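The file my_file.cif comes next; it holds mmCIF, C-alpha atoms.
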data_final
#
loop_
_atom_site.label_atom_id
_atom_site.label_comp_id
_atom_site.auth_asym_id
_atom_site.auth_seq_id
_atom_site.Cartn_x
_atom_site.Cartn_y
_atom_site.Cartn_z
CA MET X 1 99.29 -9.93 -77.07
CA SER X 2 102.37 -10.85 -79.11
CA ASP X 3 105.78 -9.87 -77.77
CA ASN X 4 106.41 -8.33 -81.19
CA TYR X 5 103.57 -5.84 -80.84
CA GLN X 6 104.60 -2.19 -81.00
CA VAL X 7 102.48 0.81 -79.99
CA PRO X 8 101.86 2.71 -83.24
CA ALA X 9 102.10 6.19 -81.68
CA ILE X 10 105.46 5.41 -80.11
CA VAL X 11 106.78 3.95 -83.36
CA SER X 12 105.67 7.11 -85.17
CA ALA X 13 107.31 9.36 -82.57
CA ALA X 14 110.51 7.35 -82.89
CA LYS X 15 110.45 7.86 -86.67
CA ILE X 16 110.27 11.62 -86.14
CA LEU X 17 113.13 11.66 -83.66
CA HIS X 18 115.33 9.47 -85.85
CA GLU X 19 114.64 11.70 -88.86
CA LEU X 20 115.57 14.83 -86.90
CA ARG X 21 118.73 13.13 -85.65
CA GLN X 22 119.81 12.29 -89.19
CA ARG X 23 119.34 15.91 -90.23
CA GLY X 24 121.75 17.20 -87.61
CA ASP X 25 121.85 21.01 -87.72
CA ASP X 26 119.29 21.14 -90.53
CA ARG X 27 115.88 21.81 -89.03
CA ALA X 28 112.76 20.31 -90.64
CA THR X 29 109.31 21.73 -91.27
CA GLN X 30 106.21 19.71 -90.52
CA ALA X 31 105.82 19.10 -94.26
CA ASP X 32 109.42 17.82 -94.46
CA LEU X 33 108.72 15.32 -91.70
CA VAL X 34 105.45 14.17 -93.31
CA ARG X 35 107.32 13.42 -96.54
CA ALA X 36 110.20 11.68 -94.76
CA THR X 37 108.14 9.48 -92.44
CA GLY X 38 104.97 8.84 -94.45
CA LEU X 39 102.78 9.90 -91.53
CA SER X 40 99.58 11.87 -92.12
CA LYS X 41 99.49 15.63 -91.57
CA SER X 42 97.09 15.32 -88.64
CA SER X 43 99.15 12.62 -86.94
CA MET X 44 102.31 14.62 -87.47
CA HIS X 45 100.74 17.75 -85.99
CA ASN X 46 99.58 15.93 -82.87
CA LEU X 47 102.85 14.07 -82.38
CA LEU X 48 104.99 17.18 -82.81
CA SER X 49 102.79 19.12 -80.40
CA THR X 50 103.17 16.41 -77.77
CA LEU X 51 106.91 15.98 -78.31
CA GLU X 52 107.42 19.73 -78.09
CA ARG X 53 105.52 19.98 -74.80
CA GLN X 54 107.68 17.19 -73.37
CA GLY X 55 110.89 18.88 -74.52
CA PHE X 56 111.82 16.13 -76.98
CA VAL X 57 111.66 18.51 -79.95
CA ILE X 58 111.96 22.28 -80.23
CA ARG X 59 110.34 24.65 -82.72
CA ASP X 60 112.03 27.84 -83.88
CA ALA X 61 110.59 31.12 -85.16
CA ARG X 62 110.42 29.71 -88.69
CA ARG X 63 108.25 26.84 -87.39
CA CYS X 64 111.03 24.37 -88.09
CA TYR X 65 111.77 21.50 -85.74
CA GLY X 66 114.90 20.05 -84.18
CA LEU X 67 115.77 17.68 -81.35
CA GLY X 68 114.96 19.05 -77.89
CA PRO X 69 117.07 19.33 -74.73
CA ALA X 70 115.11 16.68 -72.84
CA LEU X 71 116.80 14.03 -74.98
CA ILE X 72 120.26 14.97 -73.69
CA THR X 73 119.43 14.21 -70.08
CA LEU X 74 117.52 11.07 -71.03
CA GLY X 75 120.42 9.81 -73.10
CA ALA X 76 122.88 10.47 -70.30
CA ALA X 77 120.64 8.78 -67.73
CA ALA X 78 120.18 5.76 -69.98
CA SER X 79 123.92 5.19 -69.90
CA GLY X 80 124.20 5.77 -66.19
CA GLN X 81 126.33 8.83 -66.85
CA THR X 82 124.41 11.67 -65.22
CA ARG X 83 126.45 11.81 -62.03
CA LEU X 84 129.72 11.39 -63.89
CA ILE X 85 128.82 14.23 -66.27
CA ASP X 86 127.93 16.46 -63.31
CA ILE X 87 131.26 15.68 -61.65
CA ALA X 88 133.13 16.44 -64.86
CA GLY X 89 131.23 19.69 -65.29
CA GLU X 90 132.12 20.86 -61.79
CA ARG X 91 135.80 20.54 -62.67
CA LEU X 92 135.72 21.85 -66.22
CA ALA X 93 133.55 24.94 -65.74
CA PRO X 94 136.18 26.84 -63.65
CA LEU X 95 138.88 25.98 -66.19
CA ALA X 96 137.04 27.87 -68.92
CA ALA X 97 137.40 31.08 -66.92
CA ASP X 98 140.94 30.34 -65.75
CA ARG X 99 142.36 29.30 -69.11
CA GLY X 100 140.26 31.38 -71.50
CA LEU X 101 139.49 28.24 -73.51
CA SER X 102 136.26 26.41 -74.29
CA PHE X 103 135.78 23.04 -72.59
CA ALA X 104 133.32 20.27 -73.36
CA ILE X 105 132.24 16.80 -72.25
CA ALA X 106 131.70 14.09 -74.84
CA GLN X 107 129.96 10.79 -74.17
CA PRO X 108 130.96 7.74 -76.23
CA VAL X 109 128.13 6.07 -78.12
CA GLY X 110 129.53 2.61 -78.61
CA GLN X 111 133.11 2.31 -79.85
CA TYR X 112 132.86 4.48 -82.92
CA GLU X 113 131.17 7.75 -82.01
CA THR X 114 130.92 10.43 -79.34
CA VAL X 115 128.27 13.07 -78.69
CA ILE X 116 128.79 16.39 -76.92
CA VAL X 117 126.63 16.45 -73.77
CA ASP X 118 127.85 19.65 -72.08
CA ARG X 119 130.10 22.65 -72.74
CA PHE X 120 131.67 25.54 -70.84
CA TYR X 121 132.77 28.88 -72.28
CA PRO X 122 134.99 31.67 -70.91
CA PRO X 123 132.87 34.43 -69.34
CA GLN X 124 134.54 37.08 -71.48
CA GLY X 125 136.09 37.41 -74.91
CA VAL X 126 135.67 35.51 -78.14
CA HIS X 127 135.79 31.73 -77.87
CA VAL X 128 135.47 28.58 -79.96
CA GLY X 129 131.92 27.25 -79.93
CA ILE X 130 130.72 23.67 -79.94
CA ARG X 131 127.11 22.50 -80.17
CA ILE X 132 125.57 20.20 -77.57
CA GLY X 133 124.40 17.10 -79.40
CA SER X 134 127.04 17.30 -82.13
CA GLU X 135 128.61 13.95 -82.98
CA TYR X 136 132.20 13.01 -83.75
CA GLY X 137 133.49 9.77 -85.20
CA LEU X 138 136.79 7.92 -85.26
CA TYR X 139 138.40 10.20 -87.85
CA GLU X 140 137.25 13.51 -86.41
CA GLY X 141 139.95 15.26 -84.45
CA ALA X 142 141.09 14.70 -80.89
CA LEU X 143 137.88 12.93 -79.85
CA GLY X 144 138.29 10.34 -82.59
CA LYS X 145 141.91 9.72 -81.61
CA CYS X 146 140.86 9.08 -78.03
CA LEU X 147 138.31 6.52 -79.17
CA LEU X 148 140.91 4.78 -81.31
CA ALA X 149 143.48 4.83 -78.51
CA CYS X 150 141.09 2.89 -76.28
CA MET X 151 140.93 0.04 -78.81
CA PRO X 152 143.48 -2.78 -79.16
CA PRO X 153 146.24 -1.80 -81.64
CA GLU X 154 145.41 -4.59 -84.09
CA ASP X 155 141.80 -3.43 -84.22
CA VAL X 156 142.93 0.11 -84.94
CA LYS X 157 145.14 -1.01 -87.82
CA ARG X 158 142.30 -2.99 -89.32
CA ILE X 159 139.78 -0.19 -88.94
CA VAL X 160 141.87 2.63 -90.40
CA LYS X 161 142.81 0.51 -93.42
CA ARG X 162 139.20 -0.47 -94.09
CA ARG X 163 138.39 2.67 -96.07
CA SER X 164 139.92 6.01 -97.02
CA ILE X 165 140.23 8.56 -94.21
CA PRO X 166 138.32 11.79 -94.99
CA ALA X 167 140.46 14.93 -95.39
CA TYR X 168 138.67 17.71 -93.51
CA THR X 169 141.61 20.11 -93.92
CA ALA X 170 145.07 20.03 -95.47
CA ARG X 171 146.42 18.96 -92.07
CA THR X 172 144.15 15.95 -91.53
CA LEU X 173 146.06 12.70 -91.03
CA THR X 174 144.80 10.72 -94.01
CA LYS X 175 147.55 8.09 -94.21
CA PRO X 176 146.69 5.03 -92.08
CA ALA X 177 150.30 4.63 -90.88
CA ASP X 178 150.43 8.24 -89.69
CA LEU X 179 147.16 7.92 -87.80
CA VAL X 180 148.17 4.60 -86.21
CA ALA X 181 151.44 6.18 -85.02
CA GLU X 182 149.57 9.19 -83.61
CA VAL X 183 147.13 6.92 -81.78
CA GLN X 184 150.05 5.10 -80.17
CA GLN X 185 151.30 8.44 -78.84
CA VAL X 186 147.86 9.06 -77.38
CA ARG X 187 148.05 5.71 -75.55
CA ASP X 188 151.49 6.53 -74.18
CA ARG X 189 150.76 10.03 -72.88
CA GLY X 190 147.02 9.74 -72.13
CA TRP X 191 145.77 12.68 -74.24
CA ALA X 192 145.14 13.52 -77.88
CA ALA X 193 145.54 16.72 -79.90
CA SER X 194 144.12 17.98 -83.16
CA GLU X 195 145.93 20.93 -84.70
CA GLN X 196 143.65 22.29 -87.42
CA GLU X 197 142.95 18.73 -88.57
CA LEU X 198 139.15 19.00 -88.36
CA ASN X 199 138.67 22.75 -88.85
CA GLU X 200 140.65 25.96 -88.33
CA ASN X 201 140.77 25.50 -84.54
CA ASN X 202 142.82 23.29 -82.24
CA ALA X 203 141.59 20.78 -79.67
CA VAL X 204 143.00 18.61 -76.89
CA ALA X 205 141.14 15.68 -75.35
CA ALA X 206 141.60 13.02 -72.68
CA PRO X 207 139.41 10.00 -71.83
CA VAL X 208 137.87 9.41 -68.43
CA LEU X 209 138.30 5.66 -68.18
CA GLY X 210 136.08 3.21 -66.36
CA ARG X 211 137.31 0.29 -64.30
CA SER X 212 137.58 -1.83 -67.43
CA ALA X 213 139.78 0.86 -69.08
CA THR X 214 137.02 1.78 -71.53
CA PRO X 215 136.14 5.46 -71.94
CA GLU X 216 133.14 6.57 -69.88
CA LEU X 217 133.55 10.19 -71.01
CA ILE X 218 136.04 12.23 -73.00
CA ILE X 219 136.88 15.74 -71.80
CA LEU X 220 137.86 18.31 -74.39
CA ALA X 221 139.55 21.72 -74.58
CA LEU X 222 139.12 23.92 -77.65
CA GLY X 223 140.85 27.10 -78.72
CA PHE X 224 141.88 29.20 -81.66
CA ALA X 225 145.16 28.14 -83.26
CA GLU X 226 146.93 31.24 -81.91
CA GLN X 227 145.90 30.57 -78.30
CA LEU X 228 146.16 26.75 -78.13
CA SER X 229 149.39 25.67 -79.81
CA GLY X 230 152.96 24.62 -79.09
CA ASP X 231 153.75 24.12 -75.41
CA GLU X 232 150.19 25.13 -74.51
CA ILE X 233 148.89 21.97 -76.18
CA GLN X 234 151.09 19.74 -74.04
CA THR X 235 150.29 21.72 -70.88
CA THR X 236 146.56 21.44 -71.61
CA GLY X 237 146.85 17.72 -72.37
CA GLU X 238 148.59 17.05 -69.07
CA LEU X 239 145.99 19.18 -67.27
CA LEU X 240 143.14 17.15 -68.80
CA VAL X 241 144.79 13.88 -67.76
CA ASP X 242 144.95 15.21 -64.18
CA VAL X 243 141.33 16.34 -64.35
CA ALA X 244 140.26 12.96 -65.74
CA GLY X 245 141.94 11.29 -62.77
CA ALA X 246 140.17 13.65 -60.35
CA ILE X 247 136.83 12.86 -61.99
CA ARG X 248 137.43 9.13 -61.65
CA ARG X 249 138.35 9.45 -57.98
CA ALA X 250 135.28 11.58 -57.23
CA ALA X 251 133.08 9.05 -59.03
CA GLY X 252 134.64 6.07 -57.24
CA LEU X 253 136.18 4.68 -60.42
CA GLU X 254 139.82 4.82 -59.30
CA GLU X 255 142.09 1.82 -59.12
CA VAL X 256 143.37 0.57 -55.76
CA ASN X 257 146.29 3.01 -55.93
CA GLY X 258 144.01 5.85 -57.04
CA ASP X 259 145.75 6.38 -60.38
CA GLN X 260 144.21 6.91 -63.79
CA PRO X 261 144.57 3.51 -65.54
CA THR X 262 146.67 3.30 -68.66
CA ILE X 263 144.98 3.22 -72.04
CA ARG X 264 147.86 1.28 -73.54
CA HIS X 265 146.82 -2.13 -74.88
CA GLU X 266 149.21 -5.03 -74.93
CA VAL X 267 149.39 -7.08 -78.13
CA GLY X 268 148.95 -10.83 -77.84
#
Could I get this structure in the form of structure tokens?
Amino acid sequence: MSDNYQVPAIVSAAKILHELRQRGDDRATQADLVRATGLSKSSMHNLLSTLERQGFVIRDARRCYGLGPALITLGAAASGQTRLIDIAGERLAPLAADRGLSFAIAQPVGQYETVIVDRFYPPQGVHVGIRIGSEYGLYEGALGKCLLACMPPEDVKRIVKRRSIPAYTARTLTKPADLVAEVQQVRDRGWAASEQELNENNAVAAPVLGRSATPELIILALGFAEQLSGDEIQTTGELLVDVAGAIRRAAGLEEVNGDQPTIRHEVG
């Protein structure tokens, strides 16, 4: 058998999962998936039934399909992140109750994207929501700034000048020079903030760095503008840096002196 041989059923299942991923929050009917993938109705029915039973897709009351929860744990395990995510969750969950803010864990997918893999809400009151599985890129709020801050400065300058920066709100940093300067601040202090730059809410994030000073996870706090602003942003940022250090120590990722490594990159 040729090394290039691919099992047709697995290829077809992968097509379905990739199509659902591209749709994001938009669920798809069986007919939608047939049109998008070119698979037959009978094959689609059998594949969806199997994927649903395995937890790889979910079906709602309207008989529309989306990605299932089993993929989250598989994705985390594939990156060797399960234990690290559990450790982070143990430290973030109590903070949601103590601070009245929403907290989340994002996992980097390469250098340019993160995906939310867990979240923690206050037990009472109204809170900012965030969807597990939602993705954020380099120009999307505090998570994007953390990703950029973990890159060499010259790479950041080249990347942000490559194309126009999307303006999600009137407060989005769309000028490359402004974003580069903000990213440098993130390197210096170890945390990033987004004040109504992505939507009407505010967010603070800090990377959990591996031994090579690359981000293994990014931890995130979210709140309404009236509850997470001013001094509270700095206090929350410093708290997340401390939590990130505690996560690293618990996971055995600390340096010899036990400190969180710097994310500052030297030029040259």
**Fill in**
Taken to one decimal, the CA of Ala206 (chain X)-CA of Phe120 (chain X) distance is 16.1 Å
Give me, as a tab-separated table, each residue of region 48-87 of chain X that comes within 10 Å of region 130-145 of chain X, together with its shortest interatomic pair and the distance in Å at one decimal, counting all atoms listed in the file, with rows ordered by chain and rising residue number.
residue	atom	partner	partner_atom	distance
X:Leu67	CA	X:Gly133	CA	8.9
X:Gly68	CA	X:Gly133	CA	9.8
X:Pro69	CA	X:Gly133	CA	9.0
X:Leu71	CA	X:Gly133	CA	9.3
X:Ile72	CA	X:Gly133	CA	7.4
Can you write out as JSON lines which residues of region 44-154 of chain X fall within 8 Å of region 168-183 of chain X, alongside each residue's closest atom pair and its distance in Å to one decimal, counting all atoms listed in the file and ordering rows by chain and ascending residue number?
{"residue": "X:Lys145", "atom": "CA", "partner": "X:Val183", "partner_atom": "CA", "distance": 5.9}
{"residue": "X:Cys146", "atom": "CA", "partner": "X:Val183", "partner_atom": "CA", "distance": 7.6}
{"residue": "X:Leu148", "atom": "CA", "partner": "X:Val183", "partner_atom": "CA", "distance": 6.6}
{"residue": "X:Ala149", "atom": "CA", "partner": "X:Val183", "partner_atom": "CA", "distance": 5.3}
List the residues matched by the PyMOL selection byres ((chain X and resi 186-193) around 10) in the displayed structure as a CSV table (one decimal) with C-alpha atoms, in the frame of the given file, ordered by chain and then by residue number.
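This went into expr.csv:
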chain,number,residue,atom,x,y,z
X,141,GLY,CA,140.0,15.3,-84.4
X,142,ALA,CA,141.1,14.7,-80.9
X,143,LEU,CA,137.9,12.9,-79.8
X,144,GLY,CA,138.3,10.3,-82.6
X,145,LYS,CA,141.9,9.7,-81.6
X,146,CYS,CA,140.9,9.1,-78.0
X,147,LEU,CA,138.3,6.5,-79.2
X,148,LEU,CA,140.9,4.8,-81.3
X,149,ALA,CA,143.5,4.8,-78.5
X,150,CYS,CA,141.1,2.9,-76.3
X,151,MET,CA,140.9,0.0,-78.8
X,153,PRO,CA,146.2,-1.8,-81.6
X,180,VAL,CA,148.2,4.6,-86.2
X,181,ALA,CA,151.4,6.2,-85.0
X,182,GLU,CA,149.6,9.2,-83.6
X,183,VAL,CA,147.1,6.9,-81.8
X,184,GLN,CA,150.0,5.1,-80.2
X,185,GLN,CA,151.3,8.4,-78.8
X,194,SER,CA,144.1,18.0,-83.2
X,195,GLU,CA,145.9,20.9,-84.7
X,196,GLN,CA,143.6,22.3,-87.4
X,197,GLU,CA,143.0,18.7,-88.6
X,202,ASN,CA,142.8,23.3,-82.2
X,203,ALA,CA,141.6,20.8,-79.7
X,204,VAL,CA,143.0,18.6,-76.9
X,205,ALA,CA,141.1,15.7,-75.4
X,206,ALA,CA,141.6,13.0,-72.7
X,207,PRO,CA,139.4,10.0,-71.8
X,208,VAL,CA,137.9,9.4,-68.4
X,218,ILE,CA,136.0,12.2,-73.0
X,219,ILE,CA,136.9,15.7,-71.8
X,220,LEU,CA,137.9,18.3,-74.4
X,221,ALA,CA,139.6,21.7,-74.6
X,222,LEU,CA,139.1,23.9,-77.6
X,229,SER,CA,149.4,25.7,-79.8
X,233,ILE,CA,148.9,22.0,-76.2
X,234,GLN,CA,151.1,19.7,-74.0
X,236,THR,CA,146.6,21.4,-71.6
X,237,GLY,CA,146.8,17.7,-72.4
X,238,GLU,CA,148.6,17.0,-69.1
X,239,LEU,CA,146.0,19.2,-67.3
X,240,LEU,CA,143.1,17.2,-68.8
X,241,VAL,CA,144.8,13.9,-67.8
X,242,ASP,CA,145.0,15.2,-64.2
X,244,ALA,CA,140.3,13.0,-65.7
X,260,GLN,CA,144.2,6.9,-63.8
X,261,PRO,CA,144.6,3.5,-65.5
X,262,THR,CA,146.7,3.3,-68.7
X,263,ILE,CA,145.0,3.2,-72.0
X,264,ARG,CA,147.9,1.3,-73.5
X,265,HIS,CA,146.8,-2.1,-74.9
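The shortest atom-to-atom distance to Gln227 (chain X), with all atoms listed in the file taken into account, belongs to X:Val128 out of X:Val128, X:Ala36, X:Val156, X:Ile10.
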Residues picked by the PyMOL selection byres ((chain X and resi 13) around 10) here, as an mmCIF file with C-alpha atoms, in the frame of the given file?
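Wrote it out as result.cif, contents follow:
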data_model
loop_
_atom_site.group_PDB
_atom_site.id
_atom_site.type_symbol
_atom_site.label_atom_id
_atom_site.label_comp_id
_atom_site.auth_asym_id
_atom_site.auth_seq_id
_atom_site.Cartn_x
_atom_site.Cartn_y
_atom_site.Cartn_z
ATOM 1 C CA PRO X 8 101.860 2.710 -83.240
ATOM 2 C CA ALA X 9 102.100 6.190 -81.680
ATOM 3 C CA ILE X 10 105.460 5.410 -80.110
ATOM 4 C CA VAL X 11 106.780 3.950 -83.360
ATOM 5 C CA SER X 12 105.670 7.110 -85.170
ATOM 6 C CA ALA X 14 110.510 7.350 -82.890
ATOM 7 C CA LYS X 15 110.450 7.860 -86.670
ATOM 8 C CA ILE X 16 110.270 11.620 -86.140
ATOM 9 C CA LEU X 17 113.130 11.660 -83.660
ATOM 10 C CA HIS X 18 115.330 9.470 -85.850
ATOM 11 C CA GLU X 19 114.640 11.700 -88.860
ATOM 12 C CA THR X 37 108.140 9.480 -92.440
ATOM 13 C CA SER X 43 99.150 12.620 -86.940
ATOM 14 C CA MET X 44 102.310 14.620 -87.470
ATOM 15 C CA LEU X 47 102.850 14.070 -82.380
ATOM 16 C CA LEU X 48 104.990 17.180 -82.810
ATOM 17 C CA THR X 50 103.170 16.410 -77.770
ATOM 18 C CA LEU X 51 106.910 15.980 -78.310
ATOM 19 C CA PHE X 56 111.820 16.130 -76.980
#
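Relative to CA of Arg23 (chain X), CA of Gly66 (chain X) is found at 8.6 Å.
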**Fill in**
Using only C-alpha atoms, the best pick from X:Ile105, X:Leu209, X:Arg249, X:Arg99 as closest to Leu228 (chain X) would be X:Arg99
**Prompt:** If we count only C-alpha atoms, what is near Val126 (chain X) at a cut-off of 10 Å, once residues fewer than 5 positions away on the same chain are taken out, given as a ChimeraX atom specification?
**Reply:** /X:100-102,121,223-224
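Across the model, the gap from CA of Leu198 (chain X) to CA of Gly245 (chain X) is 26.9 Å.
Once the PyMOL selection byres ((chain X and resi 64) around 9) is applied to the depicted file, the selected set reads Arg27, Ala28, Thr29, Gln30, Ile58, Arg59, Asp60, Ala61, Arg62, Arg63, Tyr65 and Gly66 of chain X.
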Emit the selected residues as a JSON list (two decimals), in the coordinates of the input, including C-alpha atoms.
[["chain", "number", "residue", "atom", "x", "y", "z"],
["X", 27, "ARG", "CA", 115.88, 21.81, -89.03],
["X", 28, "ALA", "CA", 112.76, 20.31, -90.64],
["X", 29, "THR", "CA", 109.31, 21.73, -91.27],
["X", 30, "GLN", "CA", 106.21, 19.71, -90.52],
["X", 58, "ILE", "CA", 111.96, 22.28, -80.23],
["X", 59, "ARG", "CA", 110.34, 24.65, -82.72],
["X", 60, "ASP", "CA", 112.03, 27.84, -83.88],
["X", 61, "ALA", "CA", 110.59, 31.12, -85.16],
["X", 62, "ARG", "CA", 110.42, 29.71, -88.69],
["X", 63, "ARG", "CA", 108.25, 26.84, -87.39],
["X", 65, "TYR", "CA", 111.77, 21.50, -85.74],
["X", 66, "GLY", "CA", 114.90, 20.05, -84.18]]
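When all atoms listed in the file are used to measure the gap to Arg91 (chain X), the shortest distance among X:His45, X:His127, X:Arg248, X:Arg162 belongs to X:Arg248.
With all atoms listed in the file as the atoms that count, the minimum distance from Leu84 (chain X) to the choices X:Val7, X:Ile165, X:Val243, X:Leu217 is reached by X:Leu217.
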